[in-house]
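A.B. asks: Please find input_32.txt (compact mmCIF, C-alpha atoms) on the next line:
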# COMPACT_ATOMS: atom_id res chain seq x y z
CA MET G 1106 27.59 6.23 -2.54
CA MET G 1107 24.71 3.84 -3.17
CA THR G 1108 25.16 2.26 0.28
CA ASN G 1109 24.96 5.67 1.94
CA LEU G 1110 22.01 6.65 -0.22
CA PHE G 1111 19.87 3.64 0.66
CA SER G 1112 20.93 3.72 4.30
CA ILE G 1113 18.20 6.30 4.95
CA PHE G 1114 15.73 3.39 4.84
CA ASP G 1115 17.67 1.21 7.30
CA PRO G 1116 16.27 0.71 10.81
CA SER G 1117 18.78 2.40 13.10
CA SER G 1118 17.08 3.66 16.27
CA ASN G 1119 17.18 1.10 19.05
CA ILE G 1120 17.29 0.69 22.80
CA MET G 1121 19.00 -2.43 24.17
CA ASN G 1122 19.07 -3.89 20.64
CA MET G 1123 15.28 -3.44 20.30
CA SER G 1124 14.37 -1.54 17.15
CA LEU G 1125 12.16 1.49 17.69
CA ASN G 1126 11.71 2.38 14.03
CA TRP G 1127 8.73 0.10 13.54
CA MET G 1128 6.94 1.91 16.36
CA SER G 1129 6.02 4.52 13.75
CA SER G 1130 3.44 2.05 12.44
CA MET G 1131 1.74 2.03 15.85
CA ILE G 1132 1.46 5.78 16.36
CA GLY G 1133 -1.92 5.75 14.65
CA LEU G 1134 -3.34 3.65 17.48
CA LEU G 1135 -2.77 6.59 19.82
CA LEU G 1136 -5.01 8.76 17.61
CA ILE G 1137 -7.98 6.38 17.58
CA PRO G 1138 -9.31 6.68 21.20
CA PRO G 1139 -9.95 10.47 21.08
CA MET G 1140 -12.28 9.90 18.13
CA TYR G 1141 -14.77 8.25 20.50
CA TRP G 1142 -15.13 11.13 22.95
CA LEU G 1143 -14.24 14.31 21.05
CA ILE G 1144 -16.94 16.30 19.27
CA PRO G 1145 -16.87 15.34 15.56
CA SER G 1146 -14.87 17.87 13.58
CA ARG G 1147 -14.57 18.62 9.90
CA TYR G 1148 -11.69 16.17 9.79
CA ASN G 1149 -13.90 13.38 11.14
CA LYS G 1150 -16.68 14.18 8.69
CA MET G 1151 -14.26 14.28 5.77
CA TRP G 1152 -12.68 10.98 6.80
CA ASN G 1153 -16.09 9.33 7.21
CA LEU G 1154 -17.05 10.58 3.75
CA ILE G 1155 -13.91 8.98 2.29
CA LEU G 1156 -14.57 5.69 4.09
CA ASN G 1157 -18.19 5.61 2.95
CA SER G 1158 -17.11 6.23 -0.65
CA LEU G 1159 -14.59 3.39 -0.44
CA HIS G 1160 -17.19 1.13 1.13
CA ASN G 1161 -19.63 1.75 -1.73
CA GLU G 1162 -16.92 1.12 -4.33
CA PHE G 1163 -15.52 -2.02 -2.70
CA LYS G 1164 -19.03 -3.39 -2.15
CA ILE G 1165 -19.63 -3.38 -5.91
CA LEU G 1166 -16.34 -5.10 -6.73
CA LEU G 1167 -16.42 -7.80 -4.07
CA SER G 1168 -17.99 -11.15 -4.88
CA PRO G 1169 -21.12 -12.28 -2.99
CA SER G 1170 -19.06 -14.90 -1.14
CA LEU G 1171 -17.05 -12.11 0.52
CA LYS G 1172 -20.01 -9.93 1.39
CA GLY G 1173 -19.32 -7.73 4.41
CA SER G 1174 -15.52 -7.86 4.08
CA THR G 1175 -15.23 -4.25 2.88
CA LEU G 1176 -14.17 -3.26 6.40
CA MET G 1177 -11.02 -5.36 5.99
CA PHE G 1178 -10.00 -3.57 2.78
CA ILE G 1179 -10.90 -0.15 4.17
CA SER G 1180 -8.76 -0.83 7.25
CA MET G 1181 -5.89 -1.89 5.00
CA PHE G 1182 -6.27 1.33 3.00
CA SER G 1183 -6.24 3.41 6.18
CA MET G 1184 -3.16 1.67 7.57
CA ILE G 1185 -1.14 2.02 4.36
CA LEU G 1186 -2.20 5.65 3.95
CA PHE G 1187 -1.17 6.49 7.51
CA ASN G 1188 2.24 4.83 7.18
CA ASN G 1189 2.86 6.50 3.82
CA PHE G 1190 2.15 9.91 5.31
CA MET G 1191 4.24 9.23 8.41
CA GLY G 1192 7.23 8.58 6.16
CA LEU G 1193 6.99 12.14 4.82
CA PHE G 1194 7.81 13.66 8.20
CA PRO G 1195 11.48 14.24 9.09
CA TYR G 1196 13.21 11.68 11.33
CA ILE G 1197 10.29 9.24 11.13
CA PHE G 1198 10.92 5.75 9.80
CA THR G 1199 9.19 4.96 6.48
CA SER G 1200 7.84 1.48 7.18
CA SER G 1201 5.99 1.20 3.86
CA SER G 1202 9.31 1.38 1.99
CA HIS G 1203 10.28 -2.10 3.25
CA LEU G 1204 9.17 -5.35 1.65
CA ILE G 1205 8.79 -6.98 5.06
CA PHE G 1206 5.95 -4.54 5.77
CA THR G 1207 4.22 -4.64 2.39
CA LEU G 1208 4.53 -8.42 2.03
CA THR G 1209 3.05 -8.83 5.50
CA LEU G 1210 -0.05 -7.08 4.20
CA SER G 1211 -0.36 -8.66 0.76
CA LEU G 1212 0.81 -12.27 1.24
CA PRO G 1213 -1.49 -13.44 4.11
CA LEU G 1214 -4.54 -11.76 2.56
CA TRP G 1215 -3.83 -13.22 -0.87
CA MET G 1216 -3.21 -16.64 0.68
CA GLY G 1217 -6.51 -16.49 2.55
CA LEU G 1218 -8.39 -15.52 -0.61
CA MET G 1219 -6.78 -18.33 -2.58
CA LEU G 1220 -7.54 -20.94 0.08
CA ASN G 1221 -11.14 -19.77 0.27
CA GLY G 1222 -11.47 -19.91 -3.50
CA TRP G 1223 -9.83 -23.28 -4.10
CA LEU G 1224 -11.56 -25.00 -1.19
CA ASN G 1225 -15.07 -23.64 -1.72
CA PHE G 1226 -15.19 -22.67 -5.42
CA THR G 1227 -12.78 -25.12 -7.06
CA ASN G 1228 -14.49 -25.32 -10.46
CA ASN G 1229 -14.68 -21.53 -10.79
CA MET G 1230 -11.02 -21.15 -9.84
CA PHE G 1231 -10.06 -23.69 -12.51
CA SER G 1232 -12.11 -21.77 -15.07
CA HIS G 1233 -10.02 -18.64 -14.41
CA LEU G 1234 -6.88 -20.49 -15.54
CA ILE G 1235 -8.16 -20.72 -19.12
CA PRO G 1236 -9.65 -17.54 -20.61
CA GLN G 1237 -12.78 -17.96 -22.68
CA GLY G 1238 -12.11 -18.60 -26.36
CA THR G 1239 -8.60 -20.00 -25.90
CA PRO G 1240 -7.64 -22.48 -28.68
CA PRO G 1241 -7.12 -26.04 -27.36
CA ILE G 1242 -3.48 -26.11 -28.46
CA LEU G 1243 -2.70 -23.07 -26.30
CA MET G 1244 -4.53 -24.26 -23.18
CA PRO G 1245 -1.48 -25.83 -21.45
CA PHE G 1246 0.52 -22.65 -21.97
CA MET G 1247 -2.32 -20.45 -20.76
CA VAL G 1248 -2.63 -22.54 -17.59
CA CYS G 1249 1.09 -22.05 -16.87
CA ILE G 1250 0.94 -18.31 -17.61
CA GLU G 1251 -2.19 -17.72 -15.52
CA THR G 1252 -0.79 -19.79 -12.64
CA ILE G 1253 2.47 -17.83 -12.58
CA SER G 1254 0.66 -14.49 -12.83
CA ASN G 1255 -1.57 -15.52 -9.94
CA ILE G 1256 1.33 -16.63 -7.76
CA ILE G 1257 3.33 -13.42 -8.20
CA ARG G 1258 0.39 -11.14 -7.39
CA PRO G 1259 1.31 -10.54 -3.73
CA MET G 1260 4.92 -9.85 -4.72
CA THR G 1261 3.90 -7.34 -7.40
CA LEU G 1262 1.60 -5.57 -4.94
CA ALA G 1263 4.36 -5.34 -2.34
CA ILE G 1264 7.05 -4.24 -4.81
CA ARG G 1265 4.77 -1.61 -6.38
CA LEU G 1266 4.12 0.07 -3.03
CA THR G 1267 7.72 -0.23 -1.86
CA ALA G 1268 9.24 1.06 -5.12
CA ASN G 1269 6.95 4.07 -5.29
CA MET G 1270 7.71 5.08 -1.71
CA ILE G 1271 11.46 4.60 -2.17
CA ALA G 1272 11.64 6.47 -5.49
CA GLY G 1273 10.28 9.75 -4.15
CA HIS G 1274 12.41 9.67 -1.01
CA LEU G 1275 15.57 8.93 -2.99
CA LEU G 1276 14.87 11.77 -5.42
CA MET G 1277 14.36 14.24 -2.57
CA THR G 1278 17.52 12.98 -0.83
CA LEU G 1279 19.61 13.33 -4.00
CA LEU G 1280 18.39 16.88 -4.60
CA SER G 1281 18.86 17.97 -0.99
CA SER G 1282 22.42 16.64 -0.89
CA THR G 1283 23.47 19.30 -3.44
CA GLY G 1284 22.15 22.23 -1.42
CA ASN G 1285 25.45 23.10 0.29
CA SER G 1286 27.23 23.80 -2.99
CA LEU G 1287 24.54 25.92 -4.68
CA SER G 1288 24.21 29.67 -4.95
CA ASN G 1289 21.33 31.56 -3.35
CA ILE G 1290 19.27 31.67 -6.54
CA LEU G 1291 19.73 27.97 -7.25
CA LEU G 1292 19.02 27.23 -3.60
CA MET G 1293 15.65 28.97 -3.84
CA ILE G 1294 14.88 26.94 -6.97
CA LEU G 1295 15.89 23.79 -5.10
CA ILE G 1296 13.61 24.62 -2.18
CA LEU G 1297 10.72 25.26 -4.56
CA THR G 1298 11.43 21.95 -6.29
CA GLN G 1299 11.47 20.14 -2.95
CA ILE G 1300 8.09 21.65 -2.05
CA ILE G 1301 6.67 20.46 -5.36
CA LEU G 1302 8.14 17.00 -4.79
CA MET G 1303 6.68 16.90 -1.28
CA THR G 1304 3.25 17.71 -2.72
CA LEU G 1305 3.74 14.99 -5.32
CA GLU G 1306 4.77 12.51 -2.63
CA SER G 1307 1.63 13.33 -0.67
CA ALA G 1308 -0.45 12.51 -3.74
CA VAL G 1309 1.56 9.33 -4.32
CA SER G 1310 0.91 8.27 -0.72
CA ILE G 1311 -2.83 8.50 -1.28
CA ILE G 1312 -2.79 6.96 -4.75
CA GLN G 1313 -0.61 3.98 -3.80
CA SER G 1314 -2.69 3.10 -0.76
CA TYR G 1315 -5.80 3.22 -2.95
CA VAL G 1316 -4.16 1.18 -5.73
CA PHE G 1317 -3.01 -1.47 -3.24
CA SER G 1318 -6.51 -1.82 -1.78
CA ILE G 1319 -8.41 -1.73 -5.06
CA LEU G 1320 -6.13 -4.33 -6.70
CA MET G 1321 -6.55 -6.68 -3.76
CA THR G 1322 -10.31 -6.14 -4.02
CA LEU G 1323 -10.20 -6.96 -7.75
CA TYR G 1324 -8.23 -10.13 -7.03
CA SER G 1325 -10.83 -11.17 -4.50
CA SER G 1326 -13.65 -10.52 -7.00
CA GLU G 1327 -12.48 -13.55 -9.00
CA ILE G 1328 -13.69 -15.80 -6.20
CA LYS G 1329 -17.33 -16.42 -7.16
Could I get this file's structure written as structure tokens?
C.D. replies:
Amino acid sequence: MMTNLFSIFDPSSNIMNMSLNWMSSMIGLLLIPPMYWLIPSRYNKMWNLILNSLHNEFKILLSPSLKGSTLMFISMFSMILFNNFMGLFPYIFTSSSHLIFTLTLSLPLWMGLMLNGWLNFTNNMFSHLIPQGTPPILMPFMVCIETISNIIRPMTLAIRLTANMIAGHLLMTLLSSTGNSLSNILLMILILTQIILMTLESAVSIIQSYVFSILMTLYSSEIK
């Protein structure tokens, strides 16, 4: 049962042993060119308003050494948001529910931030390992704890996004699998519940993409 349940996240569509599921992450590239020649619509104005709001927020959180890198975090937010929404459509592969996708986003960026910090701001990075006011006897333990918490950051980011995307899809799959054996009244209740869950999943898609980006921005703010 569990194997069949989680098989909905397995890549299965292929041509000549070439997986086509991951092409869902590239569909957004087809939507970008028309933005340069179509008359701006309400959608464009709303999206620009969201991007400007994110830019102003990220600009405050980022350290002066990373000035101008808000575009990188905004692009990451846009990519995660698009892939989260694509996974809500039927028969479209949910790429953000796989660790290989989320780790590809979090690990290289975290590694680049750490290399930049340790190579250019070594003393400040060492100061983050020992919180201010720590008793001398606890300093070795605090260094170990802070080092471990720093190392697992990309994994926690990736697992958080993956787990949240999987949880909603599994819940909707479990509820929909009982539809054939329900009466008409219970079936209407089930459909209403699925609509509510779909609305909740839409909100989760937005929230998780924002959480992923804002946490990575907060991690980068330690590099000063």
A.B. asks: Would you kindly return, as a list of chain:residue names, each protein, DNA or RNA residue with an atom no farther than 12 Å from any atom of G:Leu1320, considering only C-alpha atoms and excluding same-chain residues fewer than 2 positions away?
C.D. replies: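 Once the nearby chain positions are removed, what remains is G:Phe1163, G:Leu1166, G:Leu1167, G:Phe1178, G:Met1181, G:Phe1182, G:Ser1211, G:Leu1214, G:Trp1215, G:Arg1258, G:Pro1259, G:Thr1261, G:Leu1262, G:Ala1263, G:Arg1265, G:Leu1266, G:Ile1312, G:Gln1313, G:Ser1314, G:Tyr1315, G:Val1316, G:Phe1317, G:Ser1318, G:Thr1322, G:Leu1323, G:Tyr1324, G:Ser1325, G:Ser1326, G:Glu1327.
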A.B. asks: Which residue, G:Ile1290, G:Met1128, G:Leu1302, G:Leu1234, has the smallest gap to G:Thr1278 when you use all atoms listed in the file?
C.D. replies: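 Ranking G:Ile1290, G:Met1128, G:Leu1302, G:Leu1234 by distance to G:Thr1278, first place goes to G:Leu1302.
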A.B. asks: Env of G:Met1216: 12 Å cut, atoms = only C-alpha atoms, seq-sep filter 4 positions within chain, self excluded. Answer as a count of residues only.
C.D. replies: 19
A.B. asks: Work out how far atom CA of G:Ile1165 is from atom CA of G:Ser1183, in Å to one decimal.
C.D. replies: 19.3 Å
A.B. asks: At what distance in Å, to one decimal, does atom CA of G:Phe1187 lie from atom CA of G:Ile1296?
C.D. replies: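 Value for the atom CA of G:Ile1296-atom CA of G:Phe1187 distance: 25.3 Å.
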A.B. asks: Between atom CA of G:Pro1139 and atom CA of G:Ser1174, what is the distance in Å, rounded to a tenth?
C.D. replies: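 Between these atoms lies a distance of 25.6 Å.
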A.B. asks: Tell me, as a list of chain:residue names, which residues lie within 12 Å of G:Thr1304, counting all atoms listed in the file; anything in the same chain fewer than 5 positions away does not count.
C.D. replies: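 Here the answer would be G:Phe1190, G:Leu1193, G:Gly1273, G:Met1277, G:Leu1297, G:Thr1298, G:Gln1299, G:Val1309, G:Ser1310, G:Ile1311.
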A.B. asks: Can you tell me, as a PDB file with C-alpha atoms, in the frame of the given file, what residues are no more than 7 Å from stretch 1198-1202 of chain G when counting all atoms listed in the file, ignoring any on the same chain fewer than 6 positions away?
C.D. replies:
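Written file, part_15.pdb:
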ATOM      1  CA  PHE G1114      15.730   3.390   4.840  1.00  0.00           C
ATOM      2  CA  ASN G1126      11.710   2.380  14.030  1.00  0.00           C
ATOM      3  CA  TRP G1127       8.730   0.100  13.540  1.00  0.00           C
ATOM      4  CA  SER G1129       6.020   4.520  13.750  1.00  0.00           C
ATOM      5  CA  SER G1130       3.440   2.050  12.440  1.00  0.00           C
ATOM      6  CA  ASN G1188       2.240   4.830   7.180  1.00  0.00           C
ATOM      7  CA  ASN G1189       2.860   6.500   3.820  1.00  0.00           C
ATOM      8  CA  MET G1191       4.240   9.230   8.410  1.00  0.00           C
ATOM      9  CA  GLY G1192       7.230   8.580   6.160  1.00  0.00           C
ATOM     10  CA  THR G1267       7.720  -0.230  -1.860  1.00  0.00           C
ATOM     11  CA  MET G1270       7.710   5.080  -1.710  1.00  0.00           C
ATOM     12  CA  ILE G1271      11.460   4.600  -2.170  1.00  0.00           C
TER      13      ILE G1271
END
A.B. asks: Could you give me the centre and size, in Å to one decimal, of an axis-aligned box around all listed atoms of stretch 1242-1251 of chain G with 4 Å added on every side, as AutoDock Vina command-line options?
C.D. replies:
--center_x -1.7 --center_y -21.9 --center_z -22.0 --size_x 13.6 --size_y 16.4 --size_z 20.9
